[in-house]
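Structure file final_30.tsv with TSV, C-alpha atoms:
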```
chain	number	residue	atom	x	y	z
A	1	MET	CA	-98.67	12.43	-122.53
A	2	LYS	CA	-96.57	15.54	-121.94
A	3	PHE	CA	-95.61	14.44	-118.44
A	4	VAL	CA	-95.04	10.71	-118.11
A	5	PRO	CA	-95.72	9.26	-114.63
A	6	ASN	CA	-93.63	6.52	-113.10
A	7	GLU	CA	-94.06	3.05	-114.50
A	8	GLY	CA	-97.17	1.29	-113.23
A	9	ILE	CA	-99.07	4.39	-112.09
A	10	LEU	CA	-101.45	4.41	-115.06
A	11	GLY	CA	-102.25	0.77	-114.40
A	12	ILE	CA	-103.81	1.67	-111.05
A	13	ALA	CA	-107.59	1.66	-110.86
A	14	PRO	CA	-108.43	4.60	-108.53
A	15	TYR	CA	-109.95	3.58	-105.20
A	16	VAL	CA	-113.69	4.20	-105.07
A	17	GLY	CA	-115.26	4.42	-101.62
A	18	GLY	CA	-118.78	3.48	-100.65
A	19	GLU	CA	-121.55	5.61	-102.15
A	20	SER	CA	-123.19	8.16	-99.88
A	21	SER	CA	-126.03	9.63	-101.94
A	22	ALA	CA	-129.05	8.51	-103.90
A	23	GLU	CA	-130.81	10.83	-106.32
A	24	GLY	CA	-134.40	11.60	-105.37
A	25	ALA	CA	-134.25	9.94	-101.94
A	26	SER	CA	-135.65	12.03	-99.09
A	27	ARG	CA	-133.65	10.09	-96.50
A	28	ILE	CA	-130.34	8.27	-96.86
A	29	ILE	CA	-129.45	5.12	-94.95
A	30	LYS	CA	-125.76	4.68	-95.70
A	31	LEU	CA	-124.65	1.09	-95.13
A	32	SER	CA	-121.74	1.12	-97.57
A	33	SER	CA	-118.67	2.18	-95.60
A	34	ASN	CA	-118.65	0.26	-92.29
A	35	GLU	CA	-119.09	3.41	-90.23
A	36	ASN	CA	-120.17	3.43	-86.59
A	37	PRO	CA	-123.94	4.12	-86.51
A	38	PHE	CA	-123.51	5.93	-83.16
A	39	GLY	CA	-121.08	8.42	-84.68
A	40	ALA	CA	-118.10	9.43	-82.55
A	41	SER	CA	-117.85	8.99	-78.80
A	42	PRO	CA	-119.38	11.79	-76.70
A	43	LYS	CA	-116.01	12.29	-75.02
A	44	ALA	CA	-114.34	12.83	-78.39
A	45	LEU	CA	-116.99	15.33	-79.45
A	46	THR	CA	-116.62	17.26	-76.19
A	47	ALA	CA	-112.85	17.35	-76.59
A	48	LEU	CA	-113.19	18.62	-80.16
A	49	ALA	CA	-115.54	21.40	-79.09
A	50	ALA	CA	-113.01	22.56	-76.52
A	51	ASP	CA	-110.04	22.65	-78.92
A	52	GLN	CA	-109.47	26.28	-79.90
A	53	HIS	CA	-105.91	26.25	-81.22
A	54	LEU	CA	-106.22	25.66	-84.95
A	55	GLU	CA	-103.60	28.32	-85.66
A	56	LYS	CA	-100.91	26.14	-84.12
A	57	TYR	CA	-99.11	23.28	-85.80
A	58	PRO	CA	-99.86	19.86	-84.33
A	59	ASP	CA	-97.40	17.82	-82.33
A	60	GLY	CA	-95.54	16.08	-85.14
A	61	ASN	CA	-94.67	13.14	-82.90
A	62	CYS	CA	-98.20	12.58	-81.56
A	63	THR	CA	-96.53	12.29	-78.15
A	64	ALA	CA	-99.58	12.26	-75.90
A	65	LEU	CA	-101.60	10.05	-78.24
A	66	ARG	CA	-98.85	7.47	-78.61
A	67	ALA	CA	-98.39	7.40	-74.84
A	68	ALA	CA	-102.12	6.83	-74.35
A	69	ILE	CA	-102.21	4.03	-76.95
A	70	ALA	CA	-99.19	2.38	-75.35
A	71	LYS	CA	-100.73	2.54	-71.88
A	72	LYS	CA	-104.13	1.23	-72.99
A	73	PHE	CA	-102.81	-1.79	-74.88
A	74	GLY	CA	-99.58	-2.48	-73.01
A	75	LEU	CA	-97.34	-1.52	-75.92
A	76	GLU	CA	-93.95	0.15	-76.29
A	77	GLU	CA	-94.53	3.81	-77.07
A	78	GLY	CA	-91.46	4.09	-79.31
A	79	ARG	CA	-92.82	1.41	-81.65
A	80	ILE	CA	-96.03	3.31	-82.43
A	81	VAL	CA	-96.25	5.42	-85.58
A	82	CYS	CA	-99.40	7.48	-86.15
A	83	GLY	CA	-100.82	8.39	-89.52
A	84	ALA	CA	-103.72	9.94	-91.39
A	85	GLY	CA	-105.67	6.71	-91.18
A	86	SER	CA	-104.02	3.31	-91.09
A	87	ASP	CA	-103.95	3.42	-94.88
A	88	GLU	CA	-101.26	6.11	-94.69
A	89	ILE	CA	-99.14	3.64	-92.71
A	90	ILE	CA	-99.68	1.09	-95.51
A	91	GLY	CA	-98.44	3.67	-97.99
A	92	LEU	CA	-95.42	4.52	-95.84
A	93	LEU	CA	-94.51	0.84	-95.51
A	94	CYS	CA	-94.60	0.36	-99.27
A	95	LYS	CA	-92.72	3.61	-99.89
A	96	SER	CA	-90.04	2.55	-97.44
A	97	TYR	CA	-89.55	-1.10	-98.36
A	98	ILE	CA	-90.95	-1.81	-101.84
A	99	SER	CA	-88.72	-1.17	-104.83
A	100	PRO	CA	-89.63	-1.72	-108.49
A	101	LYS	CA	-90.39	-5.40	-109.23
A	102	ASP	CA	-90.60	-6.33	-105.52
A	103	GLU	CA	-93.67	-8.43	-104.76
A	104	VAL	CA	-96.40	-7.74	-102.22
A	105	VAL	CA	-98.60	-10.73	-101.29
A	106	TYR	CA	-102.17	-10.47	-100.00
A	107	ALA	CA	-105.51	-12.27	-100.24
A	108	THR	CA	-107.61	-11.59	-103.35
A	109	HIS	CA	-110.67	-10.36	-101.46
A	110	SER	CA	-109.05	-7.86	-99.13
A	111	PHE	CA	-108.37	-4.12	-98.85
A	112	LEU	CA	-107.79	-2.63	-102.29
A	113	MET	CA	-105.12	-0.19	-101.07
A	114	TYR	CA	-102.52	-2.95	-100.65
A	115	GLY	CA	-102.27	-3.35	-104.40
A	116	ILE	CA	-102.61	0.36	-105.12
A	117	TYR	CA	-99.77	1.36	-102.81
A	118	ALA	CA	-97.57	-1.46	-104.09
A	119	ARG	CA	-98.04	-0.26	-107.66
A	120	THR	CA	-97.24	3.36	-106.76
A	121	CYS	CA	-93.76	2.12	-105.80
A	122	GLY	CA	-93.34	0.00	-108.92
A	123	GLY	CA	-94.05	-3.12	-106.89
A	124	VAL	CA	-95.90	-6.19	-108.13
A	125	PRO	CA	-99.16	-7.09	-106.33
A	126	VAL	CA	-99.61	-10.84	-105.88
A	127	GLU	CA	-103.22	-11.73	-105.12
A	128	VAL	CA	-103.82	-15.16	-103.60
A	129	GLN	CA	-107.16	-16.93	-103.87
A	130	GLU	CA	-108.95	-17.50	-100.58
A	131	ASN	CA	-110.33	-20.72	-99.12
A	132	ASN	CA	-114.07	-20.37	-98.50
A	133	LEU	CA	-113.57	-16.57	-98.45
A	134	THR	CA	-110.94	-16.85	-95.71
A	135	PRO	CA	-107.30	-15.91	-96.42
A	136	ASP	CA	-105.52	-19.17	-97.26
A	137	LEU	CA	-102.22	-19.01	-95.40
A	138	ASP	CA	-100.81	-22.11	-97.08
A	139	ALA	CA	-101.61	-20.69	-100.51
A	140	MET	CA	-100.10	-17.36	-99.52
A	141	LEU	CA	-96.95	-19.12	-98.40
A	142	ALA	CA	-96.81	-20.98	-101.71
A	143	ALA	CA	-97.10	-17.65	-103.55
A	144	VAL	CA	-93.93	-16.32	-101.93
A	145	THR	CA	-90.95	-15.99	-104.28
A	146	PRO	CA	-87.42	-14.60	-103.91
A	147	LYS	CA	-88.91	-11.23	-104.93
A	148	THR	CA	-91.47	-11.13	-102.09
A	149	LYS	CA	-90.80	-8.31	-99.63
A	150	MET	CA	-94.09	-7.87	-97.77
A	151	VAL	CA	-97.26	-9.81	-96.90
A	152	PHE	CA	-100.51	-8.14	-95.86
A	153	LEU	CA	-103.06	-10.09	-93.85
A	154	THR	CA	-106.34	-8.42	-92.89
A	155	ASN	CA	-107.70	-9.93	-89.70
A	156	PRO	CA	-110.67	-9.92	-89.61
A	157	ASN	CA	-110.81	-9.58	-93.35
A	158	ASN	CA	-112.77	-6.91	-95.19
A	159	PRO	CA	-115.10	-7.46	-97.05
A	160	THR	CA	-115.55	-11.15	-96.22
A	161	GLY	CA	-115.68	-10.85	-92.41
A	162	SER	CA	-113.59	-13.99	-91.88
A	163	PHE	CA	-110.48	-14.24	-89.71
A	164	ASN	CA	-107.44	-16.45	-89.17
A	165	SER	CA	-106.56	-17.83	-85.76
A	166	LEU	CA	-103.52	-16.41	-84.04
A	167	SER	CA	-101.96	-19.87	-83.81
A	168	ASP	CA	-102.19	-20.23	-87.59
A	169	ILE	CA	-100.74	-16.76	-88.08
A	170	LYS	CA	-97.84	-17.59	-85.77
A	171	SER	CA	-97.12	-20.74	-87.77
A	172	PHE	CA	-97.37	-18.76	-91.00
A	173	ARG	CA	-94.90	-16.14	-89.76
A	174	GLN	CA	-92.48	-18.87	-88.71
A	175	LYS	CA	-92.48	-20.29	-92.24
A	176	LEU	CA	-91.92	-16.94	-93.94
A	177	ARG	CA	-88.38	-15.81	-94.75
A	178	ALA	CA	-86.87	-13.54	-92.12
A	179	ASP	CA	-86.55	-10.67	-94.62
A	180	ILE	CA	-90.29	-10.59	-95.40
A	181	LEU	CA	-92.33	-8.13	-93.36
A	182	LEU	CA	-95.72	-9.43	-92.21
A	183	VAL	CA	-98.35	-6.69	-91.82
A	184	LEU	CA	-101.46	-7.58	-89.82
A	185	ASP	CA	-104.29	-5.17	-90.57
A	186	ASP	CA	-106.50	-5.17	-87.45
A	187	ALA	CA	-108.88	-2.40	-88.54
A	188	TYR	CA	-111.89	-4.32	-87.17
A	189	ALA	CA	-110.21	-5.84	-84.11
A	190	GLU	CA	-112.46	-4.10	-81.59
A	191	TYR	CA	-115.58	-5.51	-83.23
A	192	ALA	CA	-114.02	-8.98	-83.47
A	193	GLN	CA	-113.17	-9.24	-79.77
A	194	SER	CA	-116.48	-11.01	-79.07
A	195	SER	CA	-115.90	-13.67	-81.78
A	196	ASP	CA	-114.84	-17.08	-80.51
A	197	GLY	CA	-111.25	-17.85	-81.45
A	198	TYR	CA	-110.22	-14.33	-82.38
A	199	GLU	CA	-107.09	-12.72	-80.90
A	200	ASN	CA	-105.76	-9.36	-82.01
A	201	GLY	CA	-102.31	-8.89	-83.49
A	202	PHE	CA	-100.86	-7.03	-80.52
A	203	VAL	CA	-100.73	-10.32	-78.62
A	204	PHE	CA	-98.35	-11.65	-81.27
A	205	ALA	CA	-96.38	-8.57	-82.30
A	206	LYS	CA	-95.16	-7.62	-78.82
A	207	GLY	CA	-92.49	-10.29	-78.93
A	208	ARG	CA	-91.57	-10.01	-82.62
A	209	ASP	CA	-89.27	-7.85	-84.73
A	210	ASP	CA	-90.82	-8.84	-88.07
A	211	VAL	CA	-94.53	-8.01	-87.64
A	212	VAL	CA	-96.43	-4.73	-88.02
A	213	VAL	CA	-99.96	-4.36	-86.63
A	214	LEU	CA	-102.26	-1.70	-88.05
A	215	ARG	CA	-105.14	-0.10	-86.17
A	216	THR	CA	-107.59	2.67	-87.08
A	217	PHE	CA	-109.85	5.17	-85.35
A	218	SER	CA	-112.14	5.19	-88.40
A	219	LYS	CA	-114.31	2.21	-87.52
A	220	ILE	CA	-115.47	1.56	-83.96
A	221	TYR	CA	-114.19	4.93	-82.70
A	222	GLY	CA	-116.27	6.75	-85.33
A	223	LEU	CA	-113.54	9.21	-86.36
A	224	ALA	CA	-113.34	8.37	-90.06
A	225	GLY	CA	-113.70	12.03	-91.04
A	226	LEU	CA	-110.60	13.01	-89.07
A	227	ARG	CA	-108.31	10.36	-90.61
A	228	LEU	CA	-106.42	8.78	-87.75
A	229	GLY	CA	-104.69	5.43	-87.44
A	230	TYR	CA	-101.41	3.92	-86.35
A	231	GLY	CA	-99.00	1.06	-86.76
A	232	TYR	CA	-97.26	-0.94	-84.04
A	233	CYS	CA	-93.92	-1.69	-85.64
A	234	PRO	CA	-90.55	-3.26	-84.92
A	235	PRO	CA	-88.25	-0.50	-83.62
A	236	ASP	CA	-86.19	-0.28	-86.82
A	237	VAL	CA	-89.34	-0.10	-88.97
A	238	ALA	CA	-90.80	2.64	-86.75
A	239	ASP	CA	-87.54	4.59	-87.16
A	240	VAL	CA	-87.74	4.31	-90.95
A	241	LEU	CA	-91.41	5.36	-91.13
A	242	ASN	CA	-90.71	8.39	-88.96
A	243	ARG	CA	-88.03	9.41	-91.46
A	244	VAL	CA	-90.31	9.27	-94.50
A	245	ARG	CA	-93.67	10.45	-93.15
A	246	SER	CA	-94.75	14.07	-93.44
A	247	PRO	CA	-93.69	16.15	-90.41
A	248	PHE	CA	-97.27	17.02	-89.39
A	249	ASN	CA	-99.17	14.10	-90.90
A	250	VAL	CA	-101.76	13.90	-88.08
A	251	THR	CA	-103.83	17.00	-87.39
A	252	SER	CA	-104.16	18.47	-83.93
A	253	VAL	CA	-107.93	17.90	-83.91
A	254	ALA	CA	-107.45	14.25	-84.80
A	255	GLN	CA	-105.01	13.85	-81.92
A	256	VAL	CA	-107.37	15.57	-79.48
A	257	ALA	CA	-110.31	13.41	-80.55
A	258	GLY	CA	-108.24	10.23	-80.55
A	259	LEU	CA	-107.04	10.83	-77.00
A	260	ALA	CA	-110.58	11.31	-75.75
A	261	ALA	CA	-111.97	8.38	-77.74
A	262	LEU	CA	-109.43	6.01	-76.20
A	263	GLU	CA	-110.83	6.84	-72.75
A	264	ASP	CA	-114.45	6.13	-73.67
A	265	ASP	CA	-114.70	2.43	-72.84
A	266	ASP	CA	-118.47	2.65	-72.37
A	267	PHE	CA	-118.88	3.85	-75.95
A	268	ILE	CA	-116.80	0.94	-77.25
A	269	LYS	CA	-118.76	-1.60	-75.20
A	270	ARG	CA	-122.06	-0.15	-76.39
A	271	SER	CA	-120.87	-0.26	-79.99
A	272	VAL	CA	-119.75	-3.89	-79.74
A	273	THR	CA	-122.97	-4.99	-78.02
A	274	HIS	CA	-125.11	-3.25	-80.62
A	275	ASN	CA	-123.06	-4.69	-83.47
A	276	ASP	CA	-123.26	-8.24	-82.13
A	277	GLU	CA	-127.03	-8.00	-81.71
A	278	TRP	CA	-127.89	-6.46	-85.07
A	279	ARG	CA	-125.32	-8.38	-87.08
A	280	THR	CA	-126.87	-11.63	-85.82
A	281	TRP	CA	-130.40	-10.34	-86.37
A	282	THR	CA	-129.60	-9.21	-89.92
A	283	GLN	CA	-127.82	-12.45	-90.78
A	284	ASN	CA	-130.82	-14.46	-89.59
A	285	GLN	CA	-133.25	-12.27	-91.55
A	286	LEU	CA	-131.30	-12.46	-94.80
A	287	SER	CA	-130.58	-16.18	-94.44
A	288	ALA	CA	-134.31	-16.80	-94.00
A	289	MET	CA	-134.80	-15.10	-97.38
A	290	GLY	CA	-132.63	-17.79	-98.98
A	291	LEU	CA	-129.53	-15.64	-99.40
A	292	LYS	CA	-125.99	-16.77	-98.64
A	293	VAL	CA	-124.75	-14.67	-95.72
A	294	TRP	CA	-121.14	-15.18	-94.69
A	295	GLN	CA	-120.16	-15.38	-91.03
A	296	SER	CA	-118.54	-12.10	-90.02
A	297	ALA	CA	-116.41	-10.83	-87.15
A	298	GLY	CA	-116.65	-7.22	-88.36
A	299	ASN	CA	-119.37	-4.58	-88.39
A	300	PHE	CA	-120.64	-5.73	-91.77
A	301	LEU	CA	-122.00	-8.75	-93.59
A	302	LEU	CA	-121.19	-10.08	-97.05
A	303	VAL	CA	-124.31	-11.29	-98.86
A	304	THR	CA	-124.01	-13.45	-101.98
A	305	PHE	CA	-126.72	-13.68	-104.64
A	306	PRO	CA	-127.26	-16.33	-107.32
A	307	SER	CA	-125.88	-13.97	-109.98
A	308	GLN	CA	-124.11	-10.68	-110.51
A	309	GLN	CA	-127.20	-9.35	-112.24
A	310	GLN	CA	-129.42	-10.04	-109.24
A	311	ALA	CA	-126.89	-8.52	-106.85
A	312	ASP	CA	-126.70	-5.31	-108.87
A	313	SER	CA	-130.47	-5.17	-109.34
A	314	CYS	CA	-130.94	-5.51	-105.60
A	315	ARG	CA	-128.41	-2.77	-104.90
A	316	GLN	CA	-130.16	-0.44	-107.32
A	317	PHE	CA	-133.57	-1.33	-105.88
A	318	LEU	CA	-132.47	-0.47	-102.34
A	319	LYS	CA	-130.70	2.66	-103.55
A	320	SER	CA	-133.95	3.88	-105.10
A	321	ARG	CA	-135.33	3.75	-101.57
A	322	GLY	CA	-132.38	5.63	-100.12
A	323	ILE	CA	-130.61	2.54	-98.73
A	324	ILE	CA	-127.02	2.33	-99.94
A	325	LEU	CA	-125.02	-0.92	-99.89
A	326	ARG	CA	-121.50	-1.54	-101.21
A	327	GLN	CA	-121.03	-3.26	-104.53
A	328	MET	CA	-118.22	-5.81	-104.54
A	329	GLY	CA	-117.06	-5.95	-108.15
A	330	ALA	CA	-113.76	-4.23	-107.35
A	331	TYR	CA	-113.12	-6.93	-104.75
A	332	LYS	CA	-113.72	-9.63	-107.39
A	333	LEU	CA	-117.00	-10.63	-105.74
A	334	PRO	CA	-119.50	-9.30	-108.30
A	335	GLU	CA	-122.30	-11.59	-107.09
A	336	SER	CA	-122.10	-10.12	-103.60
A	337	LEU	CA	-123.04	-6.99	-101.69
A	338	ARG	CA	-121.60	-5.77	-98.40
A	339	ILE	CA	-124.00	-4.35	-95.86
A	340	SER	CA	-122.71	-2.38	-92.87
A	341	ILE	CA	-124.43	-2.74	-89.53
A	342	GLY	CA	-126.32	0.50	-88.87
A	343	THR	CA	-128.92	1.36	-86.28
A	344	GLY	CA	-131.70	-1.09	-85.50
A	345	ASP	CA	-134.11	0.94	-87.62
A	346	ASP	CA	-131.58	1.01	-90.47
A	347	MET	CA	-131.30	-2.77	-90.47
A	348	LYS	CA	-135.05	-3.26	-90.29
A	349	ALA	CA	-135.51	-0.95	-93.27
A	350	ALA	CA	-132.75	-2.64	-95.26
A	351	CYS	CA	-134.09	-6.13	-94.63
A	352	ALA	CA	-137.66	-5.06	-95.42
A	353	SER	CA	-136.53	-3.59	-98.74
A	354	MET	CA	-134.44	-6.68	-99.49
A	355	ARG	CA	-137.48	-8.86	-98.85
A	356	GLU	CA	-139.58	-6.62	-101.07
A	357	PHE	CA	-137.02	-6.93	-103.86
A	358	LEU	CA	-136.88	-10.72	-103.64
A	359	THR	CA	-140.65	-11.03	-103.81
A	360	PHE	CA	-141.08	-8.29	-106.45
```
Can the structure in the file be given as structure tokens, please?
Amino acid sequence: MKFVPNEGILGIAPYVGGESSAEGASRIIKLSSNENPFGASPKALTALAADQHLEKYPDGNCTALRAAIAKKFGLEEGRIVCGAGSDEIIGLLCKSYISPKDEVVYATHSFLMYGIYARTCGGVPVEVQENNLTPDLDAMLAAVTPKTKMVFLTNPNNPTGSFNSLSDIKSFRQKLRADILLVLDDAYAEYAQSSDGYENGFVFAKGRDDVVVLRTFSKIYGLAGLRLGYGYCPPDVADVLNRVRSPFNVTSVAQVAGLAALEDDDFIKRSVTHNDEWRTWTQNQLSAMGLKVWQSAGNFLLVTFPSQQQADSCRQFLKSRGIILRQMGAYKLPESLRISIGTGDDMKAACASMREFLTF
């Protein structure tokens, strides 16, 4: 190569998102990316329609948005750092604290960007096998070495839907070295609030100086297209991230929509209620077909087939009918598919096609 990239870059497998099209299909039912089937909140859409100042640079500090987040969740405003999706915060954390050969620990079946961002910094991803598709905190602790600098824990976990109790996470943090940063990725926290035993990371992080909590507006708030998320960080970590992030990393329209979305509690309640109802309905339907459906606290279900071949055949069968599910090979779960919870009609159509495939 004429221009040689930094060591480790060429070893990165590019992230591939959920498919969104199917050739020849007259109608697409996209259940591959865990998007809110209701779209964005009406308040956010109204606020976006009223924003007429695209010629102006955005507020680089996201002042109003951070104040609103702090007020809503009882947080310290100065510890909030906003980004273009919570995945930008992951990248900033790695850029700021991971040097070549430093190790980043995370569960095998969790967000692919942990490993990708670690490698971009020359870091070493350390994947830890899960216990019954739940992050194994004891195994993660055992995987820690003198080179470990950061641990990512997705709670609830994507794509498995499982979660760790806050008491177990507290114990885990206590056993980690003081110089290891624990990052709790709470991307699906709003959906998980109705799950028995779940507590979000804010409850824990408020009294700690060694925990970062990530949140996103891409999931329940339905603003994935605007790229908006944030991290609740220890004060010194927030200071560092603000030094390395781009000066205008969050667009003005994203800030406007985020502010309005935070105020729409009715939309959030409706989204949670719908998700609880149709996630349970779908799990019951698929389980009755003889499939292994994992318990989930998110807005998706992981479905395991007897073989990788059957899983892929099923995915292709549904895709031919315009119903798109997420393949799980990249997550080292090739025998499984992930199905997002869409509208009631979406789930009925998906289950009917799944039943048709299994009896074909």
Fill in the blank from the handout: Val256 of chain A proximity check over A:Leu228, A:Gly17, A:Phe204, A:Gly83, using only C-alpha atoms: winner is A:Leu228
Could you give me, as a Markdown table, every segment 208-289 of chain A residue with an atom at most 9 Å from segment 298-315 of chain A, plus its closest atom pair and distance in Å to one decimal, counting all atoms listed in the file, rows ordered by chain then number?
```
| residue | atom | partner | partner_atom | distance |
| --- | --- | --- | --- | --- |
| A:Lys219 | CA | A:Asn299 | CA | 8.5 |
| A:Ile220 | CA | A:Asn299 | CA | 8.5 |
| A:Val272 | CA | A:Asn299 | CA | 8.7 |
| A:Asn275 | CA | A:Asn299 | CA | 6.2 |
| A:Asp276 | CA | A:Asn299 | CA | 8.2 |
| A:Arg279 | CA | A:Phe300 | CA | 7.1 |
| A:Thr282 | CA | A:Leu301 | CA | 8.5 |
| A:Gln283 | CA | A:Leu301 | CA | 7.4 |
| A:Leu286 | CA | A:Val303 | CA | 8.2 |
```
Sorted per-residue table, segment 23-131 of chain A near segment 230-234 of chain A, closest atoms and distance, 9 Å, all atoms listed in the file, as a Markdown table:
```
| residue | atom | partner | partner_atom | distance |
| --- | --- | --- | --- | --- |
| A:Arg66 | CA | A:Tyr230 | CA | 8.9 |
| A:Leu75 | CA | A:Tyr232 | CA | 8.1 |
| A:Glu76 | CA | A:Tyr232 | CA | 8.5 |
| A:Glu77 | CA | A:Tyr232 | CA | 8.9 |
| A:Gly78 | CA | A:Cys233 | CA | 8.9 |
| A:Arg79 | CA | A:Cys233 | CA | 5.2 |
| A:Ile80 | CA | A:Tyr232 | CA | 4.7 |
| A:Val81 | CA | A:Gly231 | CA | 5.3 |
| A:Cys82 | CA | A:Tyr230 | CA | 4.1 |
| A:Gly83 | CA | A:Tyr230 | CA | 5.5 |
| A:Ala84 | CA | A:Tyr230 | CA | 8.2 |
| A:Gly85 | CA | A:Tyr230 | CA | 7.0 |
| A:Ser86 | CA | A:Tyr230 | CA | 5.4 |
| A:Asp87 | CA | A:Tyr230 | CA | 8.9 |
| A:Glu88 | CA | A:Tyr230 | CA | 8.6 |
| A:Ile89 | CA | A:Gly231 | CA | 6.5 |
| A:Ile90 | CA | A:Gly231 | CA | 8.8 |
```
Problem - Who sits within 7 Å of Thr134 of chain A, all atoms listed in the file, same chain under 4 positions skipped, as a list in words - result: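 Once the adjacent positions are removed, what remains is Glu130, Ser162 and Phe163 of chain A.
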Write the residues of the preceding selection, restricted to C-alpha atoms, as a short mmCIF file (atom, residue, chain, number, x, y, z; two decimals), in the coordinates of the input.
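Generated file (again-v5.cif):
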```
data_model
loop_
_atom_site.label_atom_id
_atom_site.label_comp_id
_atom_site.auth_asym_id
_atom_site.auth_seq_id
_atom_site.Cartn_x
_atom_site.Cartn_y
_atom_site.Cartn_z
CA GLU A 130 -108.95 -17.50 -100.58
CA SER A 162 -113.59 -13.99 -91.88
CA PHE A 163 -110.48 -14.24 -89.71
#
```
Fill in the blank from the handout: Shortest contact to Thr273 of chain A, candidates A:Ala70, A:Val293, A:Ile341, A:Leu214, atoms counted only C-alpha atoms, goes to A:Ile341
Problem - Residue among A:Leu318, A:Leu112, A:Ala297, A:Val4 lying closest to Pro125 of chain A, counting only C-alpha atoms - result: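 Nearest candidate to Pro125 of chain A out of A:Leu318, A:Leu112, A:Ala297, A:Val4: A:Leu112.
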Handout entry: d(atom CA of Ser353 of chain A, atom CA of Ile324 of chain A) in Å
Key =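 One can read the atom CA of Ser353 of chain A to atom CA of Ile324 of chain A distance as 11.3 Å.
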Handout entry: Expected residue set, 12 Å radius at (-89.5, -2.6, -88.4), only C-alpha atoms, as JSON, numbers by chain
Key = {"A": [78, 79, 80, 81, 92, 93, 96, 97, 150, 178, 179, 180, 181, 182, 183, 205, 208, 209, 210, 211, 212, 213, 231, 232, 233, 234, 235, 236, 237, 238, 239, 240, 241, 242]}
Exercise for the section: Could you tell me which of A:Ala107, A:Ile98, A:Ala44, A:Met354 comes closest to Lys147 of chain A if we count only C-alpha atoms? Expected result: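 Of A:Ala107, A:Ile98, A:Ala44, A:Met354, the one nearest Lys147 of chain A, counting only C-alpha atoms, is A:Ile98.
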Problem - Between atom CA of Val105 of chain A and atom CA of Ile169 of chain A - distance in Å to one decimal - result: 14.7 Å
Practice task
Extract, using all atoms listed in the file, all DNA, RNA and protein residues at most 10 Å from Val126 of chain A, discarding same-chain residues fewer than 3 positions from it, and format them as a list in words.
Solution key: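 My list of contacting residues is Glu103, Val104, Val105, Tyr106, Ala107, Thr108, Tyr114, Gly115, Ala118, Gly123, Gln129, Met140, Ala143, Val144, Thr148 and Val151 of chain A.
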Practice task
Just give me the gap between atom CA of Gly91 of chain A and atom CA of Tyr117 of chain A in Å, one decimal is fine.
Solution key: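 Those two atoms sit 5.5 Å apart.
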Can you report as AutoDock Vina command-line options the centre and edge lengths in Å, to one decimal, of an axis-aligned box around the listed atoms of segment 269-272 of chain A padded with 8 Å on each side?
```
--center_x -120.4 --center_y -2.0 --center_z -77.6 --size_x 19.3 --size_y 19.7 --size_z 20.8
```
Handout entry: Close residues, Glu199 of chain A itself excluded, 8 Å, only C-alpha atoms, min 2 positions apart in chain, as a list of chain:residue names
Key =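 So the residues in contact are A:Ser165, A:Leu166, A:Gln193, A:Gly197, A:Gly201, A:Val203.
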Exercise for the section: Find the residue from A:Ser171, A:Met113, A:Pro58, A:Thr160 that sits nearest to Leu137 of chain A; use all atoms listed in the file when measuring. Expected result: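 Smallest distance to Leu137 of chain A is found for A:Ser171.
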Handout entry: Nearest to Ile69 of chain A, chosen from A:Leu337, A:Leu133, A:Leu259, A:Met289, with only C-alpha atoms counted in the distances
Key =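 Smallest separation from Ile69 of chain A among the options: A:Leu259.
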Exercise: residues within 6 Å of coordinate (-123.3, 0.4, -97.5), counting all atoms listed in the file, as a compact mmCIF listing (two decimals) with C-alpha atoms, in the coordinates of the input:
```txt
# COMPACT_ATOMS: atom_id res chain seq x y z
CA LYS A 30 -125.76 4.68 -95.70
CA LEU A 31 -124.65 1.09 -95.13
CA SER A 32 -121.74 1.12 -97.57
CA SER A 33 -118.67 2.18 -95.60
CA ILE A 324 -127.02 2.33 -99.94
CA LEU A 325 -125.02 -0.92 -99.89
CA ARG A 326 -121.50 -1.54 -101.21
CA ILE A 339 -124.00 -4.35 -95.86
CA SER A 340 -122.71 -2.38 -92.87
```
Kindly write N, CA and C atoms of segment 327-333 of chain A from the structure just given to a file, as a CSV table (one decimal), in the first residue's frame.
```
chain,number,residue,atom,x,y,z
A,327,GLN,N,-29.2,-10.7,10.9
A,327,GLN,CA,-28.4,-11.9,11.1
A,327,GLN,C,-27.3,-11.7,12.2
A,328,MET,N,-26.9,-12.8,12.9
A,328,MET,CA,-26.1,-12.6,14.1
A,328,MET,C,-24.7,-13.2,14.0
A,329,GLY,N,-24.3,-13.5,12.7
A,329,GLY,CA,-22.9,-14.1,12.6
A,329,GLY,C,-21.8,-13.2,13.1
A,330,ALA,N,-21.9,-11.9,12.9
A,330,ALA,CA,-20.9,-11.0,13.3
A,330,ALA,C,-20.8,-10.9,14.9
A,331,TYR,N,-21.9,-11.3,15.5
A,331,TYR,CA,-22.0,-11.3,17.0
A,331,TYR,C,-21.6,-12.7,17.5
A,332,LYS,N,-21.1,-13.6,16.6
A,332,LYS,CA,-20.7,-15.0,17.0
A,332,LYS,C,-21.9,-15.8,17.5
A,333,LEU,N,-23.1,-15.5,16.9
A,333,LEU,CA,-24.3,-16.3,17.2
A,333,LEU,C,-24.9,-16.7,15.8
```
